[in-house]
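Q: Data: model_35.pdb, PDB, C-alpha atoms and all ligand atoms.
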ATOM      1  CA  GLU V 645      35.772  43.095 -53.582
ATOM      2  CA  ARG V 646      35.212  42.058 -49.953
ATOM      3  CA  GLU V 647      31.852  43.807 -49.870
ATOM      4  CA  ARG V 648      30.848  42.259 -53.153
ATOM      5  CA  LEU V 649      31.723  38.822 -51.774
ATOM      6  CA  ALA V 650      29.889  39.534 -48.521
ATOM      7  CA  ARG V 651      26.680  40.016 -50.492
ATOM      8  CA  LEU V 652      26.996  36.376 -51.621
ATOM      9  CA  ARG V 653      26.619  35.129 -48.050
ATOM     10  CA  HIS V 654      22.937  34.293 -48.415
ATOM     11  CA  THR V 655      23.109  33.319 -52.075
ATOM     12  CA  PRO V 656      22.676  29.542 -52.492
ATOM     13  CA  ALA V 657      25.767  27.827 -53.955
ATOM     14  CA  ILE V 658      24.374  26.547 -57.263
ATOM     15  CA  THR V 659      26.212  26.296 -60.561
ATOM     16  CA  ARG V 660      24.940  28.163 -63.645
ATOM     17  CA  ASP V 661      23.410  24.927 -64.888
ATOM     18  CA  GLY V 662      21.620  24.324 -61.617
ATOM     19  CA  GLU V 663      23.849  21.886 -59.704
ATOM     20  CA  PRO V 664      23.688  22.531 -55.932
ATOM     21  CA  VAL V 665      27.084  22.513 -54.227
ATOM     22  CA  GLU V 666      27.681  22.092 -50.502
ATOM     23  CA  LEU V 667      30.263  24.499 -49.052
ATOM     24  CA  LEU V 668      31.365  23.412 -45.591
ATOM     25  CA  ALA V 669      33.791  24.734 -42.988
ATOM     26  CA  ASN V 670      36.928  23.232 -41.458
ATOM     27  CA  ILE V 671      37.162  24.132 -37.767
ATOM     28  CA  GLU V 672      39.627  23.486 -34.959
ATOM     29  CA  LEU V 673      37.670  24.579 -31.881
ATOM     30  CA  PRO V 674      33.915  24.636 -31.079
ATOM     31  CA  GLU V 675      33.908  28.418 -31.097
ATOM     32  CA  ASP V 676      35.142  28.442 -34.718
ATOM     33  CA  ALA V 677      31.664  27.210 -35.618
ATOM     34  CA  ILE V 678      30.252  30.675 -34.919
ATOM     35  CA  GLY V 679      32.468  32.150 -37.648
ATOM     36  CA  ALA V 680      31.568  29.255 -39.929
ATOM     37  CA  VAL V 681      27.857  30.087 -39.713
ATOM     38  CA  LYS V 682      28.638  33.779 -40.275
ATOM     39  CA  ALA V 683      30.642  32.867 -43.373
ATOM     40  CA  GLY V 684      27.605  31.052 -44.779
ATOM     41  CA  ALA V 685      28.859  27.477 -44.304
ATOM     42  CA  ALA V 686      26.272  24.754 -44.893
ATOM     43  CA  GLY V 687      27.823  22.789 -42.020
ATOM     44  CA  VAL V 688      31.165  21.660 -40.632
ATOM     45  CA  GLY V 689      32.889  19.222 -42.989
ATOM     46  CA  LEU V 690      35.907  18.765 -40.735
ATOM     47  CA  PHE V 691      36.184  19.430 -37.000
ATOM     48  CA  ARG V 692      39.849  18.683 -36.248
ATOM     49  CA  SER V 693      39.295  17.356 -32.716
ATOM     50  CA  GLU V 694      43.032  17.030 -32.046
ATOM     51  CA  PHE V 695      43.101  20.690 -31.064
ATOM     52  CA  LEU V 696      41.252  19.703 -27.858
ATOM     53  CA  PHE V 697      44.106  17.308 -27.110
ATOM     54  CA  MET V 698      47.122  19.522 -27.853
ATOM     55  CA  GLY V 699      49.173  21.518 -25.338
ATOM     56  CA  ARG V 700      47.721  19.597 -22.352
ATOM     57  CA  HIS V 701      51.027  18.324 -20.897
ATOM     58  CA  GLY V 702      49.977  14.698 -20.952
ATOM     59  CA  LYS V 703      46.535  15.148 -19.346
ATOM     60  CA  LEU V 704      44.044  14.415 -22.108
ATOM     61  CA  PRO V 705      40.446  15.698 -22.017
ATOM     62  CA  ASP V 706      38.063  13.203 -20.371
ATOM     63  CA  GLU V 707      34.742  12.065 -21.844
ATOM     64  CA  GLN V 708      32.697  14.841 -20.248
ATOM     65  CA  GLU V 709      35.059  17.627 -21.340
ATOM     66  CA  GLN V 710      35.085  16.275 -24.899
ATOM     67  CA  PHE V 711      31.307  15.864 -24.905
ATOM     68  CA  GLU V 712      30.890  19.503 -23.808
ATOM     69  CA  ALA V 713      33.184  20.664 -26.625
ATOM     70  CA  TYR V 714      31.356  18.633 -29.287
ATOM     71  CA  ARG V 715      28.020  19.809 -27.879
ATOM     72  CA  ARG V 716      29.117  23.446 -28.183
ATOM     73  CA  ALA V 717      30.095  22.883 -31.805
ATOM     74  CA  VAL V 718      26.714  21.251 -32.537
ATOM     75  CA  GLU V 719      24.840  24.085 -30.814
ATOM     76  CA  ASN V 720      26.900  26.766 -32.535
ATOM     77  CA  MET V 721      26.018  25.263 -35.926
ATOM     78  CA  GLU V 722      22.291  25.738 -35.250
ATOM     79  CA  GLY V 723      21.068  22.457 -36.717
ATOM     80  CA  LEU V 724      23.581  22.234 -39.584
ATOM     81  CA  PRO V 725      25.653  19.032 -39.836
ATOM     82  CA  VAL V 726      28.927  18.715 -37.905
ATOM     83  CA  THR V 727      31.536  16.200 -39.026
ATOM     84  CA  ILE V 728      33.771  15.373 -36.067
ATOM     85  CA  ARG V 729      37.074  13.737 -36.940
ATOM     86  CA  THR V 730      38.718  11.581 -34.276
ATOM     87  CA  VAL V 731      42.157  12.656 -33.069
ATOM     88  CA  ASP V 732      44.871  13.189 -35.654
ATOM     89  CA  VAL V 733      48.011  13.905 -33.669
ATOM     90  CA  GLY V 734      51.570  13.093 -34.683
ATOM     91  CA  ALA V 735      53.984  14.453 -37.256
ATOM     92  CA  ASP V 736      53.100  18.132 -37.724
ATOM     93  CA  LYS V 737      50.654  18.080 -34.811
ATOM     94  CA  PRO V 738      52.534  16.970 -31.661
ATOM     95  CA  LEU V 739      50.493  16.684 -28.449
ATOM     96  CA  ASP V 740      53.014  18.851 -26.603
ATOM     97  CA  ALA V 741      56.773  19.358 -26.274
ATOM     98  CA  SER V 742      57.387  15.912 -24.727
ATOM     99  CA  HIS V 743      55.584  14.210 -27.584
ATOM    100  CA  ARG V 744      57.793  16.114 -29.998
ATOM    101  CA  ASP V 745      60.907  14.847 -28.196
ATOM    102  CA  ASP V 746      60.123  11.208 -28.795
ATOM    103  CA  ALA V 747      59.291  11.859 -32.415
ATOM    104  CA  HIS V 748      60.556   9.141 -34.651
ATOM    105  CA  LEU V 749      62.758   9.505 -37.682
ATOM    106  CA  ASN V 750      59.781   9.790 -40.061
ATOM    107  CA  PRO V 751      56.900  11.017 -37.912
ATOM    108  CA  ALA V 752      54.605  11.433 -40.947
ATOM    109  CA  LEU V 753      54.993   7.681 -41.474
ATOM    110  CA  GLY V 754      54.719   6.841 -37.804
ATOM    111  CA  LEU V 755      52.174   6.534 -35.029
ATOM    112  CA  ARG V 756      49.722   9.271 -35.981
ATOM    113  CA  ALA V 757      45.940   9.659 -36.306
ATOM    114  CA  ILE V 758      43.982   6.367 -36.258
ATOM    115  CA  ARG V 759      47.195   4.459 -35.578
ATOM    116  CA  TRP V 760      47.695   6.470 -32.398
ATOM    117  CA  SER V 761      44.039   5.968 -31.413
ATOM    118  CA  LEU V 762      44.105   2.216 -31.997
ATOM    119  CA  ALA V 763      47.289   1.935 -29.925
ATOM    120  CA  ASP V 764      45.253   3.017 -26.873
ATOM    121  CA  PRO V 765      41.740   1.602 -27.327
ATOM    122  CA  GLY V 766      40.551   2.801 -23.912
ATOM    123  CA  MET V 767      41.461   6.392 -24.739
ATOM    124  CA  PHE V 768      39.910   6.012 -28.209
ATOM    125  CA  ARG V 769      36.623   4.662 -26.818
ATOM    126  CA  THR V 770      36.474   7.665 -24.499
ATOM    127  CA  GLN V 771      36.484   9.913 -27.550
ATOM    128  CA  LEU V 772      34.019   7.699 -29.422
ATOM    129  CA  ARG V 773      31.557   7.772 -26.492
ATOM    130  CA  ALA V 774      31.779  11.570 -26.337
ATOM    131  CA  ILE V 775      31.079  11.867 -30.074
ATOM    132  CA  LEU V 776      28.222   9.325 -29.964
ATOM    133  CA  ARG V 777      26.643  11.303 -27.103
ATOM    134  CA  ALA V 778      26.934  14.556 -29.046
ATOM    135  CA  ALA V 779      25.214  12.809 -31.967
ATOM    136  CA  ALA V 780      22.050  12.627 -29.851
ATOM    137  CA  LEU V 781      21.884  16.440 -29.935
ATOM    138  CA  GLY V 782      22.111  17.176 -33.659
ATOM    139  CA  PRO V 783      23.264  15.934 -37.068
ATOM    140  CA  VAL V 784      26.760  14.698 -36.167
ATOM    141  CA  LYS V 785      28.914  12.619 -38.504
ATOM    142  CA  LEU V 786      31.932  10.625 -37.326
ATOM    143  CA  LEU V 787      35.071  10.757 -39.472
ATOM    144  CA  ILE V 788      38.173   8.553 -39.075
ATOM    145  CA  PRO V 789      41.587   9.834 -40.281
ATOM    146  CA  MET V 790      44.495   8.012 -41.975
ATOM    147  CA  LEU V 791      42.970   4.582 -42.479
ATOM    148  CA  ALA V 792      44.734   2.287 -44.939
ATOM    149  CA  HIS V 793      44.121  -1.313 -43.827
ATOM    150  CA  GLY V 794      40.988  -3.441 -43.682
ATOM    151  CA  SER V 795      42.129  -4.586 -40.243
ATOM    152  CA  GLU V 796      42.201  -0.976 -39.007
ATOM    153  CA  ILE V 797      38.692  -0.413 -40.338
ATOM    154  CA  ARG V 798      37.340  -3.524 -38.635
ATOM    155  CA  HIS V 799      39.132  -2.734 -35.371
ATOM    156  CA  THR V 800      37.715   0.819 -35.436
ATOM    157  CA  LEU V 801      34.157  -0.341 -36.125
ATOM    158  CA  ALA V 802      34.401  -2.910 -33.313
ATOM    159  CA  LEU V 803      35.470  -0.158 -30.904
ATOM    160  CA  ILE V 804      32.537   2.012 -32.017
ATOM    161  CA  ASP V 805      30.194  -0.917 -31.279
ATOM    162  CA  ARG V 806      31.813  -1.397 -27.901
ATOM    163  CA  ALA V 807      31.498   2.332 -27.101
ATOM    164  CA  ARG V 808      27.762   2.100 -27.907
ATOM    165  CA  ALA V 809      27.421  -0.930 -25.622
ATOM    166  CA  GLU V 810      29.177   0.933 -22.816
ATOM    167  CA  LEU V 811      26.734   3.817 -23.154
ATOM    168  CA  ASP V 812      23.813   1.374 -23.248
ATOM    169  CA  ASN V 813      25.016  -0.261 -20.050
ATOM    170  CA  ALA V 814      25.360   3.112 -18.343
ATOM    171  CA  GLY V 815      21.911   4.202 -19.554
ATOM    172  CA  ILE V 816      23.375   7.250 -21.349
ATOM    173  CA  ALA V 817      21.652   8.641 -24.459
ATOM    174  CA  TYR V 818      23.543   8.643 -27.753
ATOM    175  CA  GLY V 819      22.882   9.055 -31.473
ATOM    176  CA  ASN V 820      23.799   7.085 -34.561
ATOM    177  CA  PRO V 821      26.169   9.237 -36.599
ATOM    178  CA  GLN V 822      26.951   8.476 -40.217
ATOM    179  CA  LEU V 823      30.439   6.951 -40.425
ATOM    180  CA  GLY V 824      33.071   8.312 -42.781
ATOM    181  CA  ALA V 825      36.702   7.654 -43.637
ATOM    182  CA  MET V 826      39.357  10.089 -44.728
ATOM    183  CA  ILE V 827      41.011   9.131 -47.999
ATOM    184  CA  GLU V 828      44.491  10.545 -47.492
ATOM    185  CA  ILE V 829      46.839   7.602 -47.980
ATOM    186  CA  PRO V 830      47.296   6.376 -51.572
ATOM    187  CA  ALA V 831      46.606   2.804 -50.383
ATOM    188  CA  ALA V 832      43.134   3.946 -49.326
ATOM    189  CA  ALA V 833      42.447   5.658 -52.656
ATOM    190  CA  LEU V 834      43.484   2.406 -54.331
ATOM    191  CA  SER V 835      41.166   0.301 -52.112
ATOM    192  CA  LEU V 836      37.886   2.142 -52.665
ATOM    193  CA  PRO V 837      35.591  -0.935 -52.757
ATOM    194  CA  LEU V 838      36.840  -1.829 -49.265
ATOM    195  CA  PHE V 839      36.099   1.651 -47.931
ATOM    196  CA  LEU V 840      32.721   1.875 -49.661
ATOM    197  CA  ARG V 841      31.722  -1.477 -48.141
ATOM    198  CA  TYR V 842      32.183  -0.187 -44.595
ATOM    199  CA  PHE V 843      31.508   3.571 -44.685
ATOM    200  CA  ASP V 844      28.561   5.889 -45.370
ATOM    201  CA  PHE V 845      30.744   8.663 -46.808
ATOM    202  CA  LEU V 846      34.346   9.472 -47.719
ATOM    203  CA  SER V 847      36.311  12.690 -47.262
ATOM    204  CA  ILE V 848      39.431  13.279 -49.322
ATOM    205  CA  GLY V 849      42.309  14.788 -47.337
ATOM    206  CA  THR V 850      44.376  16.211 -50.138
ATOM    207  CA  ASN V 851      47.036  17.665 -47.836
ATOM    208  CA  ASP V 852      48.194  14.227 -46.784
ATOM    209  CA  LEU V 853      47.224  12.533 -50.051
ATOM    210  CA  ILE V 854      49.665  14.838 -51.877
ATOM    211  CA  GLN V 855      52.343  14.323 -49.221
ATOM    212  CA  TYR V 856      52.140  10.533 -49.361
ATOM    213  CA  THR V 857      51.620  10.187 -53.120
ATOM    214  CA  LEU V 858      54.625  12.350 -53.954
ATOM    215  CA  ALA V 859      56.798  11.405 -50.951
ATOM    216  CA  ILE V 860      57.038  15.087 -50.017
ATOM    217  CA  ASP V 861      57.049  15.923 -46.308
ATOM    218  CA  ARG V 862      54.422  18.680 -46.130
ATOM    219  CA  THR V 863      56.402  20.439 -43.379
ATOM    220  CA  ASP V 864      59.808  20.328 -45.118
ATOM    221  CA  GLU V 865      60.526  23.591 -46.898
ATOM    222  CA  SER V 866      63.452  22.161 -48.838
ATOM    223  CA  VAL V 867      61.040  20.072 -50.936
ATOM    224  CA  ALA V 868      58.043  22.432 -50.880
ATOM    225  CA  HIS V 869      58.523  23.208 -54.604
ATOM    226  CA  LEU V 870      57.704  19.551 -55.360
ATOM    227  CA  TYR V 871      54.449  19.606 -53.376
ATOM    228  CA  ASP V 872      52.152  19.700 -56.408
ATOM    229  CA  PRO V 873      48.343  19.383 -56.075
ATOM    230  CA  LEU V 874      48.170  19.129 -59.881
ATOM    231  CA  HIS V 875      50.519  16.183 -60.276
ATOM    232  CA  PRO V 876      48.653  13.740 -62.574
ATOM    233  CA  ALA V 877      48.997  10.956 -59.985
ATOM    234  CA  VAL V 878      47.317  13.079 -57.309
ATOM    235  CA  LEU V 879      44.522  14.112 -59.681
ATOM    236  CA  ARG V 880      43.967  10.490 -60.683
ATOM    237  CA  LEU V 881      43.504   9.396 -57.046
ATOM    238  CA  VAL V 882      41.154  12.312 -56.324
ATOM    239  CA  ALA V 883      39.147  11.701 -59.514
ATOM    240  CA  ASP V 884      38.820   7.958 -58.891
ATOM    241  CA  THR V 885      37.640   8.507 -55.325
ATOM    242  CA  ILE V 886      34.953  10.983 -56.422
ATOM    243  CA  ALA V 887      33.824   8.718 -59.279
ATOM    244  CA  ALA V 888      33.668   5.585 -57.089
ATOM    245  CA  CYS V 889      31.552   7.358 -54.471
ATOM    246  CA  ARG V 890      29.170   8.746 -57.070
ATOM    247  CA  ALA V 891      28.803   5.310 -58.673
ATOM    248  CA  ALA V 892      28.074   3.805 -55.242
ATOM    249  CA  GLY V 893      25.636   6.597 -54.349
ATOM    250  CA  LYS V 894      27.726   7.667 -51.333
ATOM    251  CA  ASP V 895      28.605  11.182 -50.247
ATOM    252  CA  VAL V 896      32.126  12.407 -50.936
ATOM    253  CA  SER V 897      33.815  15.631 -49.974
ATOM    254  CA  VAL V 898      37.276  17.181 -50.264
ATOM    255  CA  CYS V 899      38.482  18.690 -46.972
ATOM    256  CA  GLY V 900      42.159  19.402 -47.752
ATOM    257  CA  GLU V 901      43.456  22.801 -48.833
ATOM    258  CA  MET V 902      42.543  21.955 -52.427
ATOM    259  CA  ALA V 903      38.858  22.494 -51.566
ATOM    260  CA  GLY V 904      39.472  26.135 -50.617
ATOM    261  CA  ASP V 905      41.719  26.936 -53.572
ATOM    262  CA  THR V 906      39.650  28.875 -56.122
ATOM    263  CA  ALA V 907      42.055  27.791 -58.878
ATOM    264  CA  MET V 908      40.859  24.210 -58.278
ATOM    265  CA  THR V 909      37.099  24.783 -57.954
ATOM    266  CA  LYS V 910      36.171  24.277 -61.622
ATOM    267  CA  LEU V 911      38.358  21.185 -61.941
ATOM    268  CA  LEU V 912      36.812  19.564 -58.858
ATOM    269  CA  LEU V 913      33.309  20.429 -60.100
ATOM    270  CA  GLY V 914      34.203  18.924 -63.463
ATOM    271  CA  LEU V 915      35.335  15.740 -61.713
ATOM    272  CA  GLY V 916      31.874  15.517 -60.144
ATOM    273  CA  LEU V 917      32.593  16.894 -56.676
ATOM    274  CA  ARG V 918      29.581  18.585 -55.053
ATOM    275  CA  SER V 919      30.854  19.004 -51.480
ATOM    276  CA  PHE V 920      33.842  21.153 -50.469
ATOM    277  CA  SER V 921      35.106  21.736 -46.925
ATOM    278  CA  MET V 922      37.526  24.594 -46.283
ATOM    279  CA  HIS V 923      38.706  27.345 -43.979
ATOM    280  CA  PRO V 924      35.641  29.576 -43.415
ATOM    281  CA  ALA V 925      37.509  32.568 -44.888
ATOM    282  CA  GLN V 926      37.508  30.835 -48.320
ATOM    283  CA  ILE V 927      33.811  30.022 -48.550
ATOM    284  CA  LEU V 928      32.601  33.157 -50.316
ATOM    285  CA  SER V 929      35.422  33.138 -52.889
ATOM    286  CA  VAL V 930      34.754  29.482 -53.710
ATOM    287  CA  LYS V 931      31.021  30.237 -53.883
ATOM    288  CA  GLN V 932      31.741  32.911 -56.482
ATOM    289  CA  GLU V 933      33.556  30.290 -58.600
ATOM    290  CA  VAL V 934      30.634  27.888 -58.213
ATOM    291  CA  LEU V 935      28.126  30.534 -59.321
ATOM    292  CA  ARG V 936      30.181  31.153 -62.474
ATOM    293  CA  ALA V 937      30.655  27.474 -63.332
ATOM    294  CA  ASP V 938      28.781  25.305 -65.799
ATOM    295  CA  ALA V 939      29.217  21.841 -64.278
ATOM    296  CA  LEU V 940      28.041  19.865 -67.310
ATOM    297  CA  ARG V 941      30.477  21.604 -69.671
ATOM    298  CA  LEU V 942      33.311  21.263 -67.176
ATOM    299  CA  ALA V 943      33.052  17.452 -67.083
ATOM    300  CA  PRO V 944      34.723  16.626 -70.458
ATOM    301  CA  TRP V 945      37.296  19.378 -69.888
ATOM    302  CA  ALA V 946      38.187  17.872 -66.480
ATOM    303  CA  GLN V 947      38.820  14.525 -68.190
ATOM    304  CA  GLU V 948      41.291  16.312 -70.499
ATOM    305  CA  VAL V 949      43.067  17.814 -67.496
ATOM    306  CA  LEU V 950      43.337  14.331 -65.987
ATOM    307  CA  VAL V 951      45.273  12.883 -68.911
ATOM    308  CA  ALA V 952      47.351  15.972 -69.688
ATOM    309  CA  GLU V 953      51.113  15.860 -69.247
ATOM    310  CA  ASP V 954      50.955  19.379 -67.864
ATOM    311  CA  PRO V 955      47.591  19.767 -66.074
ATOM    312  CA  ALA V 956      48.564  23.211 -64.771
ATOM    313  CA  GLY V 957      48.941  24.415 -68.375
ATOM    314  CA  VAL V 958      45.465  23.129 -69.351
ATOM    315  CA  LEU V 959      44.017  24.707 -66.228
ATOM    316  CA  ALA V 960      45.618  28.054 -67.041
ATOM    317  CA  GLY V 961      44.114  27.923 -70.547
ATOM    318  CA  LEU V 962      40.519  27.813 -69.288
TER     319      LEU V 962
HETATM  320  C1  LIG V1001      44.292  16.546 -45.132
HETATM  321  O1  LIG V1001      45.221  15.780 -44.919
HETATM  322  O2  LIG V1001      44.040  17.025 -46.260
HETATM  323  C2  LIG V1001      43.410  16.974 -44.036
HETATM  324  C3  LIG V1001      42.313  17.678 -44.255
HETATM  325  O3  LIG V1001      43.793  16.643 -42.763
HETATM  326  P1  LIG V1001      44.934  17.444 -41.966
HETATM  327  O4  LIG V1001      45.317  18.643 -42.791
HETATM  328  O5  LIG V1001      44.322  17.783 -40.648
HETATM  329  O6  LIG V1001      46.005  16.401 -41.871
HETATM  330 MG    MG V1002      45.330  14.733 -43.038
END
Could I get this file's structure written as structure tokens?

A:
Amino acid sequence: ERERLARLRHTPAITRDGEPVELLANIELPEDAIGAVKAGAAGVGLFRSEFLFMGRHGKLPDEQEQFEAYRRAVENMEGLPVTIRTVDVGADKPLDASHRDDAHLNPALGLRAIRWSLADPGMFRTQLRAILRAAALGPVKLLIPMLAHGSEIRHTLALIDRARAELDNAGIAYGNPQLGAMIEIPAAALSLPLFLRYFDFLSIGTNDLIQYTLAIDRTDESVAHLYDPLHPAVLRLVADTIAACRAAGKDVSVCGEMAGDTAMTKLLLGLGLRSFSMHPAQILSVKQEVLRADALRLAPWAQEVLVAEDPAGVLAGL
């Protein structure tokens, strides 16, 4: 089976009825990009930059160190796009032991991701400058995690402008990355016109979207049986986000675990998704599903799954 899959590495990911599908890699460190290319990824859909910030005992990477890391990822991808997400620490991803100690009662609902970045604008601009500089070297996209409020969006965009001005003043070269937002809080999935007004593309983080929609801590084993990617409410938010992006002519991707789950591939294709970002080890298995799928015929079936009381049952019947 592994050998059979390996032969698919250079096969283009196109459905039986001719729809091209983009299969991207999630990476945590620049060197992971090498494996992503080997696995046949069409690019990096999610570079979780927080891994550069973790385990550093309070001393965060400076602009140059971050720039070097982003540059290595861009170079390792050999001209393929690299989507760099700004830091998402907190909750399940503490900076180090001391950060864990001052964890709040509900860290998943606390100061994580963009909230943490906006709480220290100087630190955030350091990261933004490093990413903007890397964007001069290849097709970099800039992705912001955990946004929910219009005020957070506007604050973030103002800091990006200011980071550009700082680079201008210093005479340092930078690029103009496409700007994207993660849709991973239900409030964001229910405010799509706002997000589409400000961003070039959206990326659906199903891991957190499931957690927050169902009020299930994704790290709490005692409620793991209720963590259900097929809950109709979750599917509705995912479907609406895909549909709104397609109607607006904007790119949309899924970068949570759902994208690498072969049991979900046909459903996501049927909902109109054409870009999946996943652990590199999943790419060939998902590609096999894509090659077997008939996207046009899956569309009405996906609408049935959406309104079913038991979507898992409909899915199993395919
Ligand atoms: C997600 O929430 O689905 C996601 C991709 O982000 P992370 O798993 O890093 O929180
Ligand atoms: Mg997330």

Q: Once 6 Å is added on each side, what are the centre and the three edge lengths, in Å to one decimal, of the axis-aligned box enclosing the listed atoms of ligand LIG 1001 (chain V)? Present them as lines of an AutoDock Vina configuration file.

A:
center_x = 44.2
center_y = 17.2
center_z = -43.5
size_x = 15.7
size_y = 14.9
size_z = 17.6

Q: 9 Å from ligand LIG 1001 (chain V) is the threshold here; counting all atoms listed in the file, which polymer residues fall inside it? Answer as a ChimeraX atom specification.

A: /V:670,690,692,694,732-733,736-737,757,789-790,826-829,847-855,898-902,921-922

Q: What does the structure give for the distance between atom CA of V:Ala774 and atom CA of V:Phe695, in Å to one decimal?

A: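 Interatomic distance, atom CA of V:Ala774 to atom CA of V:Phe695: 15.3 Å.
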
Q: With all atoms listed in the file as the atoms that count, which of V:Leu959, V:Val681, V:Ala657, V:Leu786 lies nearest to V:Thr730?

A: V:Leu786

Q: Do you know which residues are at most 12 Å from stretch 709-722 of chain V counting all atoms listed in the file, after dropping those on the same chain fewer than 4 positions away, and could you put them as a PDB file with C-alpha atoms, in the frame of the given file?

A:
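Contents of out34.pdb, freshly written:
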ATOM      1  CA  LEU V 668      31.365  23.412 -45.591  1.00  0.00           C
ATOM      2  CA  ALA V 669      33.791  24.734 -42.988  1.00  0.00           C
ATOM      3  CA  ASN V 670      36.928  23.232 -41.458  1.00  0.00           C
ATOM      4  CA  ILE V 671      37.162  24.132 -37.767  1.00  0.00           C
ATOM      5  CA  GLU V 672      39.627  23.486 -34.959  1.00  0.00           C
ATOM      6  CA  LEU V 673      37.670  24.579 -31.881  1.00  0.00           C
ATOM      7  CA  PRO V 674      33.915  24.636 -31.079  1.00  0.00           C
ATOM      8  CA  GLU V 675      33.908  28.418 -31.097  1.00  0.00           C
ATOM      9  CA  ASP V 676      35.142  28.442 -34.718  1.00  0.00           C
ATOM     10  CA  ALA V 677      31.664  27.210 -35.618  1.00  0.00           C
ATOM     11  CA  ILE V 678      30.252  30.675 -34.919  1.00  0.00           C
ATOM     12  CA  GLY V 679      32.468  32.150 -37.648  1.00  0.00           C
ATOM     13  CA  ALA V 680      31.568  29.255 -39.929  1.00  0.00           C
ATOM     14  CA  VAL V 681      27.857  30.087 -39.713  1.00  0.00           C
ATOM     15  CA  LYS V 682      28.638  33.779 -40.275  1.00  0.00           C
ATOM     16  CA  ALA V 683      30.642  32.867 -43.373  1.00  0.00           C
ATOM     17  CA  GLY V 684      27.605  31.052 -44.779  1.00  0.00           C
ATOM     18  CA  ALA V 685      28.859  27.477 -44.304  1.00  0.00           C
ATOM     19  CA  ALA V 686      26.272  24.754 -44.893  1.00  0.00           C
ATOM     20  CA  GLY V 687      27.823  22.789 -42.020  1.00  0.00           C
ATOM     21  CA  VAL V 688      31.165  21.660 -40.632  1.00  0.00           C
ATOM     22  CA  GLY V 689      32.889  19.222 -42.989  1.00  0.00           C
ATOM     23  CA  LEU V 690      35.907  18.765 -40.735  1.00  0.00           C
ATOM     24  CA  PHE V 691      36.184  19.430 -37.000  1.00  0.00           C
ATOM     25  CA  ARG V 692      39.849  18.683 -36.248  1.00  0.00           C
ATOM     26  CA  SER V 693      39.295  17.356 -32.716  1.00  0.00           C
ATOM     27  CA  GLU V 694      43.032  17.030 -32.046  1.00  0.00           C
ATOM     28  CA  PHE V 695      43.101  20.690 -31.064  1.00  0.00           C
ATOM     29  CA  LEU V 696      41.252  19.703 -27.858  1.00  0.00           C
ATOM     30  CA  PHE V 697      44.106  17.308 -27.110  1.00  0.00           C
ATOM     31  CA  LYS V 703      46.535  15.148 -19.346  1.00  0.00           C
ATOM     32  CA  LEU V 704      44.044  14.415 -22.108  1.00  0.00           C
ATOM     33  CA  PRO V 705      40.446  15.698 -22.017  1.00  0.00           C
ATOM     34  CA  VAL V 726      28.927  18.715 -37.905  1.00  0.00           C
ATOM     35  CA  THR V 727      31.536  16.200 -39.026  1.00  0.00           C
ATOM     36  CA  ILE V 728      33.771  15.373 -36.067  1.00  0.00           C
ATOM     37  CA  ARG V 729      37.074  13.737 -36.940  1.00  0.00           C
ATOM     38  CA  THR V 730      38.718  11.581 -34.276  1.00  0.00           C
ATOM     39  CA  VAL V 731      42.157  12.656 -33.069  1.00  0.00           C
ATOM     40  CA  MET V 767      41.461   6.392 -24.739  1.00  0.00           C
ATOM     41  CA  PHE V 768      39.910   6.012 -28.209  1.00  0.00           C
ATOM     42  CA  ARG V 769      36.623   4.662 -26.818  1.00  0.00           C
ATOM     43  CA  THR V 770      36.474   7.665 -24.499  1.00  0.00           C
ATOM     44  CA  GLN V 771      36.484   9.913 -27.550  1.00  0.00           C
ATOM     45  CA  LEU V 772      34.019   7.699 -29.422  1.00  0.00           C
ATOM     46  CA  ARG V 773      31.557   7.772 -26.492  1.00  0.00           C
ATOM     47  CA  ALA V 774      31.779  11.570 -26.337  1.00  0.00           C
ATOM     48  CA  ILE V 775      31.079  11.867 -30.074  1.00  0.00           C
ATOM     49  CA  LEU V 776      28.222   9.325 -29.964  1.00  0.00           C
ATOM     50  CA  ARG V 777      26.643  11.303 -27.103  1.00  0.00           C
ATOM     51  CA  ALA V 778      26.934  14.556 -29.046  1.00  0.00           C
ATOM     52  CA  ALA V 779      25.214  12.809 -31.967  1.00  0.00           C
ATOM     53  CA  ALA V 780      22.050  12.627 -29.851  1.00  0.00           C
ATOM     54  CA  LEU V 781      21.884  16.440 -29.935  1.00  0.00           C
ATOM     55  CA  GLY V 782      22.111  17.176 -33.659  1.00  0.00           C
ATOM     56  CA  PRO V 783      23.264  15.934 -37.068  1.00  0.00           C
ATOM     57  CA  VAL V 784      26.760  14.698 -36.167  1.00  0.00           C
ATOM     58  CA  LYS V 785      28.914  12.619 -38.504  1.00  0.00           C
ATOM     59  CA  LEU V 786      31.932  10.625 -37.326  1.00  0.00           C
ATOM     60  CA  TYR V 818      23.543   8.643 -27.753  1.00  0.00           C
TER      61      TYR V 818
END

Q: Measuring atom to atom with all atoms listed in the file, identify which of V:Leu874, V:Ala825, V:Leu811, V:Ala868 is nearest to ligand MG 1002 (chain V).

A: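 Comparing V:Leu874, V:Ala825, V:Leu811, V:Ala868 against ligand MG 1002 (chain V), the winner is V:Ala825.
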
Q: Please report the interatomic distance between atom CA of V:Phe845 and atom CA of V:Asn813 in Å with one decimal.

A: 28.8 Å

Q: Skip V:Ala831 itself and residues of its chain fewer than 3 positions away, then list as JSON, numbers by chain all residues within 10 Å of it, counting only C-alpha atoms.

A: {"V": [791, 792, 793, 827, 828, 834, 835, 836, 853, 856, 857, 881]}

Q: Please, what distance in Å, to one decimal, runs between atom CA of V:Ile804 and atom CA of V:Gln822?

A: 11.8 Å

Q: Taking the file as shown, what set of residues would the PyMOL selection byres (((chain V and resi 875) around 10) and not hetatm) give back, as a VMD selection string?

A: chain V and resid 854 857 to 858 870 to 874 876 to 880 950 952 to 956
